[in-house]
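Novice: For reference, this is work_28.txt, and it has compact mmCIF, C-alpha atoms and all ligand atoms.
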# COMPACT_ATOMS: atom_id res chain seq x y z
CA MET A 1210 0.00 0.00 0.00
CA PRO A 1211 1.49 3.40 -0.91
CA SER A 1212 1.72 5.90 1.95
CA TYR A 1213 0.35 9.43 1.68
CA HIS A 1214 3.89 10.58 1.02
CA ASP A 1215 4.32 8.07 -1.81
CA LEU A 1216 1.00 9.05 -3.31
CA LEU A 1217 1.85 12.75 -3.18
CA GLN A 1218 5.22 12.13 -4.82
CA GLN A 1219 3.51 10.12 -7.54
CA VAL A 1220 0.91 12.84 -8.19
CA ARG A 1221 3.61 15.53 -8.21
CA ALA A 1222 5.42 13.63 -10.92
CA GLU A 1223 2.30 13.60 -13.08
CA ILE A 1224 1.28 17.26 -12.87
CA GLU A 1225 2.76 20.64 -13.71
CA GLU A 1226 4.04 22.73 -10.83
CA ILE A 1227 5.08 26.37 -10.96
CA ASP A 1228 6.84 28.43 -8.34
CA ALA A 1229 5.56 31.67 -6.87
CA ALA A 1230 7.62 33.99 -9.09
CA ALA A 1231 6.49 32.20 -12.26
CA ALA A 1232 2.88 32.32 -11.08
CA ARG A 1233 3.14 36.03 -10.41
CA ASP A 1234 4.51 36.66 -13.92
CA LEU A 1235 1.75 34.56 -15.42
CA ILE A 1236 -0.91 36.49 -13.51
CA ALA A 1237 0.52 39.76 -14.81
CA SER A 1238 0.69 38.48 -18.41
CA THR A 1239 -1.75 39.27 -21.21
CA GLU A 1240 -3.31 35.83 -20.86
CA PRO A 1241 -3.69 35.49 -17.10
CA PRO A 1242 -4.69 32.06 -15.82
CA LEU A 1243 -7.73 31.44 -13.70
CA LEU A 1244 -6.36 31.32 -10.18
CA VAL A 1245 -8.23 28.88 -7.97
CA ASP A 1246 -7.78 28.76 -4.21
CA VAL A 1247 -8.70 25.25 -3.02
CA ARG A 1248 -8.29 25.88 0.71
CA GLU A 1249 -11.05 25.88 3.29
CA GLY A 1250 -13.23 28.93 3.98
CA ASP A 1251 -11.43 29.98 7.17
CA GLU A 1252 -8.05 29.92 5.40
CA TRP A 1253 -9.41 31.95 2.48
CA SER A 1254 -10.90 34.57 4.75
CA GLU A 1255 -7.55 35.18 6.40
CA GLY A 1256 -6.09 36.26 3.07
CA HIS A 1257 -5.67 35.08 -0.52
CA ILE A 1258 -3.94 35.94 -3.77
CA PRO A 1259 -5.72 38.93 -5.39
CA GLY A 1260 -7.97 37.89 -8.27
CA ALA A 1261 -8.26 34.27 -7.11
CA VAL A 1262 -11.59 32.47 -6.96
CA HIS A 1263 -12.34 30.26 -4.02
CA VAL A 1264 -13.36 26.64 -4.64
CA PRO A 1265 -12.62 24.48 -1.59
CA ARG A 1266 -10.99 21.14 -2.49
CA GLY A 1267 -14.05 19.24 -1.31
CA PHE A 1268 -16.22 21.05 -3.88
CA LEU A 1269 -13.72 21.11 -6.71
CA GLU A 1270 -15.29 18.48 -8.95
CA SER A 1271 -18.82 19.79 -8.47
CA ARG A 1272 -18.10 23.51 -8.86
CA ILE A 1273 -15.15 23.87 -11.21
CA GLU A 1274 -17.26 23.89 -14.35
CA GLN A 1275 -19.21 26.85 -13.07
CA VAL A 1276 -16.10 28.94 -12.47
CA ALA A 1277 -14.06 27.56 -15.38
CA PRO A 1278 -16.36 26.53 -18.25
CA ASP A 1279 -13.52 26.89 -20.76
CA ARG A 1280 -11.27 23.84 -20.32
CA SER A 1281 -8.55 25.30 -22.53
CA ARG A 1282 -7.99 28.34 -20.29
CA PRO A 1283 -4.89 27.93 -18.09
CA VAL A 1284 -5.72 27.24 -14.45
CA VAL A 1285 -3.34 27.68 -11.53
CA LEU A 1286 -4.43 25.98 -8.33
CA TYR A 1287 -3.06 26.76 -4.92
CA CYS A 1288 -3.50 25.72 -1.33
CA ALA A 1289 -1.45 26.49 1.77
CA GLY A 1290 1.62 24.42 1.01
CA GLY A 1291 1.17 22.87 -2.44
CA SER A 1292 -0.11 19.37 -1.56
CA ARG A 1293 -3.88 19.73 -1.77
CA SER A 1294 -3.47 21.74 -4.98
CA ALA A 1295 -1.29 18.98 -6.45
CA PHE A 1296 -4.10 16.46 -5.93
CA ALA A 1297 -6.58 19.03 -7.25
CA ALA A 1298 -4.47 19.53 -10.39
CA LYS A 1299 -4.55 15.80 -11.09
CA THR A 1300 -8.32 15.82 -10.72
CA LEU A 1301 -8.75 18.74 -13.11
CA ALA A 1302 -6.56 17.06 -15.69
CA GLU A 1303 -8.81 14.01 -15.41
CA LEU A 1304 -11.80 16.28 -15.94
CA GLY A 1305 -10.33 17.42 -19.24
CA TYR A 1306 -8.68 20.70 -18.20
CA GLU A 1307 -5.81 21.12 -20.61
CA ARG A 1308 -3.44 23.55 -18.92
CA VAL A 1309 -3.50 23.02 -15.17
CA SER A 1310 -0.69 23.72 -12.76
CA SER A 1311 -0.23 23.70 -9.03
CA LEU A 1312 1.54 26.45 -7.13
CA ALA A 1313 4.55 24.81 -5.50
CA GLY A 1314 4.92 25.93 -1.91
CA GLY A 1315 1.38 27.29 -2.03
CA PHE A 1316 0.12 30.47 -0.44
CA THR A 1317 2.77 30.21 2.28
CA ASP A 1318 5.58 30.52 -0.22
CA TRP A 1319 3.73 33.26 -2.11
CA LYS A 1320 3.55 35.31 1.10
CA ARG A 1321 7.17 34.53 1.99
CA ASN A 1322 8.16 36.11 -1.36
CA GLY A 1323 6.38 39.30 -0.33
CA PHE A 1324 3.86 39.06 -3.18
CA PRO A 1325 0.48 40.81 -2.81
CA VAL A 1326 -2.12 39.34 -0.51
CA GLN A 1327 -5.69 40.40 -0.22
CA VAL A 1328 -7.51 40.07 3.06
CA PRO A 1329 -11.16 39.99 2.12
CA GLN A 1330 -13.97 41.50 4.02
CA SER A 1331 -16.47 38.75 3.93
CA LEU A 1332 -20.14 38.23 3.41
CA ASP A 1333 -22.13 36.73 6.24
CA ALA A 1334 -24.00 33.47 5.73
CA THR A 1335 -27.29 35.22 4.87
CA LYS A 1336 -25.65 37.34 2.17
CA ARG A 1337 -23.71 34.37 0.86
CA ARG A 1338 -27.02 32.63 0.28
CA ARG A 1339 -28.80 35.64 -1.20
CA TYR A 1340 -26.03 36.40 -3.67
CA SER A 1341 -24.90 32.81 -4.28
CA ARG A 1342 -25.52 33.09 -8.04
CA HIS A 1343 -23.13 36.05 -8.14
CA LEU A 1344 -20.56 34.25 -6.03
CA LEU A 1345 -20.50 31.46 -8.61
CA ILE A 1346 -19.40 33.85 -11.37
CA PRO A 1347 -15.63 34.41 -11.17
CA GLU A 1348 -15.99 37.94 -12.61
CA VAL A 1349 -18.22 38.89 -9.69
CA GLY A 1350 -17.50 36.53 -6.78
CA GLU A 1351 -17.38 37.61 -3.18
CA GLU A 1352 -15.11 40.53 -4.00
CA GLY A 1353 -17.49 41.84 -6.64
CA GLN A 1354 -20.50 41.37 -4.41
CA LEU A 1355 -18.80 43.37 -1.67
CA LYS A 1356 -18.10 46.04 -4.30
CA LEU A 1357 -21.77 46.11 -5.29
CA LEU A 1358 -22.85 46.39 -1.66
CA ASP A 1359 -20.54 49.40 -1.38
CA SER A 1360 -21.80 50.94 -4.63
CA ARG A 1361 -24.06 53.96 -4.91
CA VAL A 1362 -26.27 54.41 -7.98
CA LEU A 1363 -28.45 57.48 -8.55
CA LEU A 1364 -31.61 57.00 -10.59
CA ILE A 1365 -33.06 60.01 -12.33
CA GLY A 1366 -36.73 59.14 -12.44
CA ALA A 1367 -38.67 56.19 -11.00
CA GLY A 1368 -40.83 55.74 -14.09
CA GLY A 1369 -40.74 53.27 -16.96
CA LEU A 1370 -36.95 53.03 -17.17
CA GLY A 1371 -36.19 53.71 -13.52
CA SER A 1372 -38.53 50.95 -12.32
CA PRO A 1373 -36.81 47.91 -13.86
CA ALA A 1374 -33.38 49.46 -13.35
CA ALA A 1375 -34.14 50.03 -9.66
CA LEU A 1376 -35.48 46.52 -9.14
CA TYR A 1377 -32.58 44.74 -10.81
CA LEU A 1378 -29.96 46.93 -9.14
CA ALA A 1379 -31.62 46.32 -5.79
CA ALA A 1380 -31.89 42.57 -6.37
CA ALA A 1381 -28.20 42.49 -7.35
CA GLY A 1382 -27.32 44.08 -4.04
CA VAL A 1383 -26.27 47.60 -5.04
CA GLY A 1384 -25.98 48.95 -1.51
CA THR A 1385 -27.34 52.46 -1.97
CA ILE A 1386 -29.86 53.60 -4.55
CA GLY A 1387 -30.83 57.26 -4.82
CA ILE A 1388 -34.09 58.12 -6.58
CA VAL A 1389 -34.86 61.61 -7.85
CA ASP A 1390 -38.53 61.95 -8.76
CA ASP A 1391 -41.13 64.59 -7.97
CA ASP A 1392 -44.10 62.73 -9.44
CA ARG A 1393 -46.85 60.72 -7.86
CA VAL A 1394 -48.05 57.31 -9.07
CA ASP A 1395 -51.12 57.45 -11.30
CA GLU A 1396 -53.10 54.78 -13.11
CA THR A 1397 -51.55 55.46 -16.52
CA ASN A 1398 -48.12 54.56 -15.09
CA LEU A 1399 -48.99 51.01 -14.12
CA GLN A 1400 -48.98 49.62 -17.66
CA ARG A 1401 -45.14 49.63 -17.48
CA GLN A 1402 -43.76 51.23 -14.27
CA ILE A 1403 -43.34 47.99 -12.35
CA ALA A 1404 -41.84 49.48 -9.20
CA HIS A 1405 -45.36 50.78 -8.40
CA SER A 1406 -48.66 49.06 -7.90
CA THR A 1407 -52.37 49.61 -7.54
CA GLN A 1408 -51.79 49.85 -3.79
CA THR A 1409 -49.40 52.77 -4.17
CA LEU A 1410 -51.58 54.95 -6.43
CA GLY A 1411 -51.22 58.57 -5.35
CA GLU A 1412 -47.95 58.03 -3.47
CA TRP A 1413 -44.68 59.73 -4.36
CA LYS A 1414 -42.99 57.51 -6.93
CA ALA A 1415 -39.67 57.72 -5.09
CA GLU A 1416 -41.33 56.46 -1.91
CA SER A 1417 -43.42 53.83 -3.68
CA ALA A 1418 -40.24 52.53 -5.37
CA GLN A 1419 -38.44 52.65 -2.02
CA ARG A 1420 -41.02 50.34 -0.45
CA THR A 1421 -40.85 47.90 -3.37
CA ILE A 1422 -37.05 47.85 -3.24
CA GLN A 1423 -36.95 47.31 0.51
CA ALA A 1424 -39.43 44.46 0.28
CA LEU A 1425 -37.22 42.91 -2.38
CA ASN A 1426 -33.89 43.42 -0.63
CA PRO A 1427 -33.45 44.87 2.86
CA ASP A 1428 -29.67 45.14 2.25
CA VAL A 1429 -30.34 48.17 0.04
CA GLU A 1430 -30.57 51.67 1.43
CA VAL A 1431 -32.81 53.93 -0.64
CA VAL A 1432 -32.31 57.69 -0.63
CA PRO A 1433 -35.45 59.33 -2.05
CA TYR A 1434 -35.32 62.88 -3.40
CA LEU A 1435 -38.87 64.15 -3.80
CA GLU A 1436 -37.84 66.98 -6.03
CA ARG A 1437 -37.39 67.86 -9.66
CA LEU A 1438 -33.76 68.11 -10.67
CA THR A 1439 -32.79 71.77 -11.18
CA SER A 1440 -29.63 73.86 -11.37
CA GLU A 1441 -30.35 74.74 -7.73
CA ASN A 1442 -30.35 71.24 -6.27
CA ILE A 1443 -28.21 69.14 -8.65
CA ASP A 1444 -24.85 69.84 -6.96
CA ARG A 1445 -26.31 69.10 -3.54
CA ILE A 1446 -27.70 65.76 -4.75
CA LEU A 1447 -24.48 64.79 -6.55
CA ASP A 1448 -22.39 65.83 -3.54
CA ASP A 1449 -23.99 62.90 -1.71
CA GLY A 1450 -21.50 60.86 -3.75
CA TRP A 1451 -22.60 58.50 -6.55
CA ASP A 1452 -20.66 55.97 -8.59
CA VAL A 1453 -23.08 55.88 -11.52
CA ILE A 1454 -26.12 57.87 -12.67
CA VAL A 1455 -28.91 56.00 -14.46
CA ASP A 1456 -30.82 58.57 -16.49
CA GLY A 1457 -34.42 57.73 -17.17
CA ALA A 1458 -35.54 61.35 -17.43
CA ASP A 1459 -38.39 62.22 -19.71
CA ASN A 1460 -37.43 65.77 -20.66
CA PHE A 1461 -34.44 67.48 -22.21
CA PRO A 1462 -33.84 70.23 -19.59
CA THR A 1463 -33.11 67.43 -17.08
CA ARG A 1464 -30.98 65.57 -19.59
CA TYR A 1465 -28.72 68.60 -20.17
CA LEU A 1466 -28.46 69.24 -16.42
CA VAL A 1467 -27.52 65.60 -15.78
CA ASN A 1468 -24.99 65.68 -18.60
CA ASP A 1469 -23.22 68.84 -17.47
CA ALA A 1470 -23.23 67.75 -13.81
CA SER A 1471 -21.83 64.33 -14.72
CA ILE A 1472 -18.85 65.95 -16.46
CA TRP A 1473 -18.16 68.35 -13.61
CA HIS A 1474 -18.59 65.69 -10.92
CA GLY A 1475 -16.86 62.96 -12.98
CA VAL A 1476 -19.73 60.46 -12.70
CA PRO A 1477 -20.67 58.20 -15.65
CA VAL A 1478 -24.24 58.34 -16.94
CA VAL A 1479 -26.17 55.38 -18.30
CA HIS A 1480 -28.59 56.97 -20.71
CA GLY A 1481 -31.80 55.36 -21.90
CA SER A 1482 -34.79 56.49 -23.90
CA ILE A 1483 -37.90 54.91 -25.34
CA TYR A 1484 -40.62 55.83 -27.80
CA ARG A 1485 -43.43 53.56 -28.96
CA PHE A 1486 -41.47 50.45 -30.08
CA GLU A 1487 -37.98 51.94 -30.14
CA GLY A 1488 -35.42 52.08 -27.41
CA GLN A 1489 -31.91 53.50 -27.09
CA VAL A 1490 -29.16 52.96 -24.56
CA THR A 1491 -25.64 54.34 -24.23
CA VAL A 1492 -23.08 55.27 -21.59
CA PHE A 1493 -21.62 58.76 -21.30
CA LYS A 1494 -18.32 58.33 -19.50
CA PRO A 1495 -16.53 61.57 -18.55
CA GLN A 1496 -12.95 61.84 -19.87
CA GLU A 1497 -13.22 58.70 -21.99
CA GLY A 1498 -16.21 58.91 -24.26
CA PRO A 1499 -18.52 61.43 -25.82
CA CYS A 1500 -21.09 63.23 -23.70
CA TYR A 1501 -24.65 64.11 -24.59
CA ARG A 1502 -23.58 67.60 -25.72
CA CYS A 1503 -20.97 66.11 -28.08
CA LEU A 1504 -24.00 64.80 -29.98
CA PHE A 1505 -26.43 67.62 -29.28
CA PRO A 1506 -24.56 70.75 -28.14
CA GLN A 1507 -27.78 72.67 -27.51
CA PRO A 1508 -31.46 71.80 -27.16
CA PRO A 1509 -33.30 71.67 -30.47
CA PRO A 1510 -34.97 74.82 -31.80
CA PRO A 1511 -38.68 75.02 -30.93
CA GLU A 1512 -39.85 73.86 -34.36
CA LEU A 1513 -37.81 70.65 -33.98
CA ALA A 1514 -38.52 70.12 -30.30
CA PRO A 1515 -40.00 66.84 -29.22
CA SER A 1516 -43.63 66.57 -28.51
CA CYS A 1517 -44.62 67.15 -24.90
CA ALA A 1518 -47.75 65.14 -25.41
CA GLU A 1519 -47.35 61.85 -23.58
CA GLY A 1520 -45.72 59.47 -26.03
CA GLY A 1521 -47.18 56.01 -26.33
CA VAL A 1522 -44.93 53.11 -25.52
CA LEU A 1523 -45.27 49.33 -25.58
CA GLY A 1524 -45.43 48.28 -21.93
CA VAL A 1525 -42.48 45.89 -22.00
CA LEU A 1526 -40.12 48.20 -23.91
CA PRO A 1527 -38.98 50.22 -20.86
CA GLY A 1528 -38.43 46.87 -19.12
CA ILE A 1529 -35.94 45.87 -21.81
CA VAL A 1530 -34.21 49.25 -22.03
CA GLY A 1531 -34.19 49.81 -18.24
CA SER A 1532 -32.73 46.33 -17.74
CA LEU A 1533 -29.99 47.12 -20.26
CA GLN A 1534 -29.28 50.28 -18.26
CA ALA A 1535 -29.04 48.19 -15.08
CA ASN A 1536 -26.61 45.88 -16.90
CA GLU A 1537 -24.37 48.83 -17.83
CA ALA A 1538 -24.60 50.23 -14.28
CA LEU A 1539 -23.60 46.89 -12.72
CA LYS A 1540 -20.60 46.58 -15.03
CA LEU A 1541 -19.52 50.12 -14.18
CA CYS A 1542 -19.82 49.35 -10.45
CA LEU A 1543 -17.88 46.10 -10.82
CA GLY A 1544 -15.34 47.43 -13.31
CA ILE A 1545 -15.87 44.49 -15.65
CA GLY A 1546 -16.75 44.00 -19.30
CA GLU A 1547 -17.14 46.61 -22.02
CA THR A 1548 -19.65 49.37 -21.50
CA LEU A 1549 -21.68 51.12 -24.18
CA ALA A 1550 -19.43 54.21 -23.93
CA GLY A 1551 -19.05 55.50 -27.50
CA ARG A 1552 -21.80 53.20 -28.76
CA LEU A 1553 -25.52 53.89 -29.06
CA LEU A 1554 -27.49 50.66 -28.88
CA LEU A 1555 -30.84 50.75 -30.67
CA PHE A 1556 -33.62 48.28 -30.09
CA ASP A 1557 -36.67 47.82 -32.29
CA ALA A 1558 -39.37 45.91 -30.42
CA LEU A 1559 -41.51 45.33 -33.54
CA SER A 1560 -38.80 43.55 -35.50
CA THR A 1561 -36.90 42.41 -32.40
CA GLU A 1562 -33.65 43.81 -33.74
CA PHE A 1563 -30.68 45.41 -32.04
CA SER A 1564 -28.36 47.71 -33.94
CA GLU A 1565 -25.51 49.97 -32.97
CA VAL A 1566 -24.22 53.41 -33.91
CA THR A 1567 -20.70 54.59 -33.06
CA LEU A 1568 -20.58 57.86 -31.12
CA ARG A 1569 -17.46 60.03 -30.97
CA ARG A 1570 -16.28 62.67 -28.55
CA ASP A 1571 -16.34 66.13 -30.12
CA PRO A 1572 -13.17 68.11 -29.27
CA SER A 1573 -15.23 71.29 -29.71
CA CYS A 1574 -17.99 70.11 -27.37
CA PRO A 1575 -19.15 73.09 -25.27
CA VAL A 1576 -18.83 71.10 -22.02
CA CYS A 1577 -16.34 68.22 -22.34
CA GLY A 1578 -14.33 69.66 -25.26
CA ASP A 1579 -10.86 71.16 -25.18
CA ASN A 1580 -12.11 74.72 -24.75
CA PRO A 1581 -15.42 74.51 -22.94
CA THR A 1582 -17.79 77.44 -23.36
CA ILE A 1583 -20.44 76.22 -20.95
CA THR A 1584 -19.09 76.28 -17.39
CA GLU A 1585 -22.24 76.65 -15.35
CA TYR A 1586 -25.64 75.03 -15.35
CA VAL A 1587 -28.22 76.19 -17.88
CA ASP A 1588 -31.87 75.94 -16.96
CA TYR A 1589 -33.58 75.27 -20.26
CA VAL A 1590 -37.30 75.80 -20.38
CA GLU A 1591 -39.10 72.84 -21.78
CA PHE A 1592 -40.97 73.67 -24.94
CA CYS A 1593 -42.97 71.48 -27.20
CA SER A 1594 -43.91 70.94 -30.79
CA GLY A 1595 -46.08 68.38 -32.43
CA ARG A 1596 -43.15 66.24 -33.50
CA PRO A 1597 -42.45 62.82 -32.12
CA SER A 1598 -39.17 62.58 -30.34
CA ASP A 1599 -35.84 61.08 -31.32
CA VAL A 1600 -32.47 60.84 -29.64
CA ALA A 1601 -32.25 64.62 -29.50
CA GLY A 1602 -34.84 64.70 -26.83
CA ALA A 1603 -36.88 61.59 -26.66
CA ALA A 1604 -40.08 61.74 -24.72
CA HIS A 1605 -39.92 58.81 -22.42
CA ALA A 1606 -41.30 56.71 -19.72
ZN ZN A 1701 -19.10 66.42 -24.83
Just dump the structure as structure tokens.
Specialist:
Amino acid sequence: MPSYHDLLQQVRAEIEEIDAAAARDLIASTEPPLLVDVREGDEWSEGHIPGAVHVPRGFLESRIEQVAPDRSRPVVLYCAGGSRSAFAAKTLAELGYERVSSLAGGFTDWKRNGFPVQVPQSLDATKRRRYSRHLLIPEVGEEGQLKLLDSRVLLIGAGGLGSPAALYLAAAGVGTIGIVDDDRVDETNLQRQIAHSTQTLGEWKAESAQRTIQALNPDVEVVPYLERLTSENIDRILDDGWDVIVDGADNFPTRYLVNDASIWHGVPVVHGSIYRFEGQVTVFKPQEGPCYRCLFPQPPPPELAPSCAEGGVLGVLPGIVGSLQANEALKLCLGIGETLAGRLLLFDALSTEFSEVTLRRDPSCPVCGDNPTITEYVDYVEFCSGRPSDVAGAAHA
């Protein structure tokens, strides 16, 4: 009968091992491996290699496919000293993983080399259960979930777009959600504004949405602003500190205010608009991408202004567009993926088609350009014509 020592030696001879310095170089390379920590939960919570995902050895076979669906991606496994990860590497090779290695000397040797260590804050058992489907995605994981819980997203409007965005952001565990809305819930809203209900008719939308969000997820703090955004209050509201603004406003004076404020406060805006069967989404990211004024430096002249008459909209359309806005907002909070900055995504509900238009920053933009001419807020007066809206000032929600 082979002893444990014999077995370990035998496994070591069959697998790839790399030392701490080689692992560090690999992690910093253009094709970083998936780093899997196979230790127990208490070891992980005392510190781990930054960027690693945690799959305890006992769950390796059952969970690895969820964190590493691509068997050709290199995987580096580590434990405390390099033994458990050696056995784990053999198992992954048997499961068809093509490029698996085990960190020789494990986390102990990594630390001894003075390489970076991350000591995670951790989620309690209740939160681990609630967000388990996020914890299973390596790009989110416990670290990402903690980031979301620390994130602050400001919603402009709790209407058609704000409703689904608010619900999905709250469900995902965005820790603080601000809602700016000075409207009350009426019956015509309920065909699409799913944060409200027949029971909340007549209530402030920000407070009605707050109740819905808190029933959905008590981890979320809601900050309601029962006011219309103006040049007088916008700095005060933004000074409360927001990571992302989700703009679901239904008028262009608000859109220009939000745009200018986002540049001056350095906060990205996820823009959405809807009309009948058509929806649009983009991200205006200060410094990197175009802003709203790069596309439309000034509001349209009165004869081209959008109609102020309530635009019709298919009930589900704001659900689709608002959910896309929530998707962009989550990525911005997590710092993952590619946002829609510089791209306008168009959705046609009748043909069920998505298309995309490239947007470019205008160096002569009056706000974000090289020589800005607008340096303080402009209160535009909303005016109306009989025309239906387009991107220049879509009537929404
Ligand atoms: Zn601009």
Novice: Report as CSV: every residue of chain A with an atom at most 12 Å from ligand ZN 1701 (chain A), its closest pair of atoms, and their distance in Å to one decimal, counting all atoms listed in the file, with rows sorted by chain and ascending residue number.
Specialist:
residue,atom,partner,partner_atom,distance
A:Tyr1465,CA,A:ZN1701,ZN,10.9
A:Asn1468,CA,A:ZN1701,ZN,8.6
A:Asp1469,CA,A:ZN1701,ZN,8.8
A:Ala1470,CA,A:ZN1701,ZN,11.8
A:Ser1471,CA,A:ZN1701,ZN,10.7
A:Ile1472,CA,A:ZN1701,ZN,8.4
A:Trp1473,CA,A:ZN1701,ZN,11.4
A:Phe1493,CA,A:ZN1701,ZN,8.8
A:Lys1494,CA,A:ZN1701,ZN,9.7
A:Pro1495,CA,A:ZN1701,ZN,8.3
A:Gln1496,CA,A:ZN1701,ZN,9.1
A:Glu1497,CA,A:ZN1701,ZN,10.1
A:Gly1498,CA,A:ZN1701,ZN,8.1
A:Pro1499,CA,A:ZN1701,ZN,5.1
A:Cys1500,CA,A:ZN1701,ZN,3.9
A:Tyr1501,CA,A:ZN1701,ZN,6.0
A:Arg1502,CA,A:ZN1701,ZN,4.7
A:Cys1503,CA,A:ZN1701,ZN,3.8
A:Leu1504,CA,A:ZN1701,ZN,7.3
A:Phe1505,CA,A:ZN1701,ZN,8.7
A:Pro1506,CA,A:ZN1701,ZN,7.7
A:Gln1507,CA,A:ZN1701,ZN,11.0
A:Gly1551,CA,A:ZN1701,ZN,11.2
A:Leu1568,CA,A:ZN1701,ZN,10.7
A:Arg1569,CA,A:ZN1701,ZN,9.0
A:Arg1570,CA,A:ZN1701,ZN,6.0
A:Asp1571,CA,A:ZN1701,ZN,6.0
A:Pro1572,CA,A:ZN1701,ZN,7.6
A:Ser1573,CA,A:ZN1701,ZN,7.9
A:Cys1574,CA,A:ZN1701,ZN,4.6
A:Pro1575,CA,A:ZN1701,ZN,6.7
A:Val1576,CA,A:ZN1701,ZN,5.5
A:Cys1577,CA,A:ZN1701,ZN,4.1
A:Gly1578,CA,A:ZN1701,ZN,5.8
A:Asp1579,CA,A:ZN1701,ZN,9.5
A:Asn1580,CA,A:ZN1701,ZN,10.9
A:Pro1581,CA,A:ZN1701,ZN,9.1
A:Thr1582,CA,A:ZN1701,ZN,11.2
A:Ile1583,CA,A:ZN1701,ZN,10.6
Novice: When you count all atoms listed in the file, which of these residues is closest to Phe1556 (chain A): A:Glu1487, A:Glu1252, A:Gln1534, A:Gly1528?
Specialist: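 Among A:Glu1487, A:Glu1252, A:Gln1534, A:Gly1528, it is A:Glu1487 that comes nearest to Phe1556 (chain A).
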Novice: How many Å separate CA of Ser1417 (chain A) from CA of Tyr1484 (chain A)?
Specialist: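 That distance, rounded to one decimal, is 24.4 Å.
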Novice: Between CA of Val1328 (chain A) and CA of Ser1281 (chain A), what distance in Å does the model show, to one decimal?
Specialist: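 A separation of 29.6 Å between them.
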Novice: Please measure the separation of CA of Asn1460 (chain A) and CA of Leu1357 (chain A), giving the value in Å to one decimal.
Specialist: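 Computed distance, CA of Asn1460 (chain A) to CA of Leu1357 (chain A), equals 29.5 Å.
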Novice: Name the closest residue to Ser1294 (chain A) among the candidates A:Val1476, A:Ile1224, A:Ala1261, A:Ile1273; distances are taken between atoms, counting all atoms listed in the file.
Specialist: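 Residue with the minimum atom-to-atom distance to Ser1294 (chain A): A:Ile1224.
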Novice: Looking at all atoms listed in the file, which of A:Asp1459, A:Leu1301, A:Ser1532, A:Leu1543 is the one that sits closest to Tyr1377 (chain A)?
Specialist: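 The shortest atom-to-atom distance to Tyr1377 (chain A) comes from A:Ser1532.
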Novice: Can you report as JSON the centre and edge lengths in Å, to one decimal, of an axis-aligned box around the listed atoms of region 1426-1443 of chain A padded with 6 Å on each side?
Specialist:
{"center_x": -33.5, "center_y": 59.1, "center_z": -4.3, "size_x": 22.7, "size_y": 43.3, "size_z": 26.2}
Novice: Using only C-alpha atoms, which residues sit within 10 Å of region 1334-1341 of chain A once same-chain residues fewer than 2 positions away are excluded, as a list in words?
Specialist: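 My reading of the contact set: Ser1331, Leu1332, His1343, Leu1344, Leu1345, Ile1346, Gly1350, Glu1351, Gln1354, Leu1355, Ala1380, Ala1381, Gly1382, Asn1426 and Asp1428 of chain A.
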Novice: Under the rule that all atoms listed in the file are counted, which of A:Gly1387, A:Gly1256, A:Gly1411, A:Gly1544 is the nearest residue to Gly1366 (chain A)?
Specialist: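 Answer, going by the shortest atom-to-atom distance: A:Gly1387.
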Novice: Can you tell me, as a list of chain:residue names, what residues are no more than 12 Å from Leu1399 (chain A) when counting only C-alpha atoms, ignoring any on the same chain fewer than 5 positions away?
Specialist: A:Ala1367, A:Gly1368, A:Gly1369, A:Ser1372, A:Arg1393, A:Val1394, A:Ala1404, A:His1405, A:Ser1406, A:Thr1407, A:Gln1408, A:Thr1409, A:Leu1410, A:Gly1411, A:Lys1414, A:Gly1524, A:Val1525, A:Ala1606
Novice: Using all atoms listed in the file, find all polymer residues with an atom at most 9 Å away from the point (-30.1, 48.9, -19.3); report them as a PyMOL selection string.
Specialist: chain A and resi 1370+1373-1374+1455+1479-1481+1490-1491+1528-1538
Novice: Only C-alpha atoms, please: the residues just picked out, written as a CSV table (one decimal), keeping the file's coordinate frame.
Specialist:
chain,number,residue,atom,x,y,z
A,1370,LEU,CA,-37.0,53.0,-17.2
A,1373,PRO,CA,-36.8,47.9,-13.9
A,1374,ALA,CA,-33.4,49.5,-13.4
A,1455,VAL,CA,-28.9,56.0,-14.5
A,1479,VAL,CA,-26.2,55.4,-18.3
A,1480,HIS,CA,-28.6,57.0,-20.7
A,1481,GLY,CA,-31.8,55.4,-21.9
A,1490,VAL,CA,-29.2,53.0,-24.6
A,1491,THR,CA,-25.6,54.3,-24.2
A,1528,GLY,CA,-38.4,46.9,-19.1
A,1529,ILE,CA,-35.9,45.9,-21.8
A,1530,VAL,CA,-34.2,49.2,-22.0
A,1531,GLY,CA,-34.2,49.8,-18.2
A,1532,SER,CA,-32.7,46.3,-17.7
A,1533,LEU,CA,-30.0,47.1,-20.3
A,1534,GLN,CA,-29.3,50.3,-18.3
A,1535,ALA,CA,-29.0,48.2,-15.1
A,1536,ASN,CA,-26.6,45.9,-16.9
A,1537,GLU,CA,-24.4,48.8,-17.8
A,1538,ALA,CA,-24.6,50.2,-14.3
Novice: With distances taken over only C-alpha atoms, which of A:Gly1488, A:Pro1211, A:Gly1353, A:Gly1267 is nearest to Gln1330 (chain A)?
Specialist: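 Closest candidate: A:Gly1353.
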Novice: Please provide the set of residues having any atom within 9 Å of Pro1462 (chain A), restricted to only C-alpha atoms, with same-chain residues fewer than 2 positions apart removed, written as a ChimeraX atom specification.
Specialist: /A:1439,1460,1464-1467,1508,1587-1591
Novice: Nearest residue to Val1478 (chain A) out of A:Val1453, A:Val1220, A:Val1431, A:Ile1236, using only C-alpha atoms?
Specialist: A:Val1453
Novice: Please identify all polymer residues within 10 Å of Leu1425 (chain A), counting all atoms listed in the file, omitting same-chain residues fewer than 2 positions from it, and present them as number ranges by chain.
Specialist: A: 1376-1377, 1379-1380, 1419-1423, 1427-1429
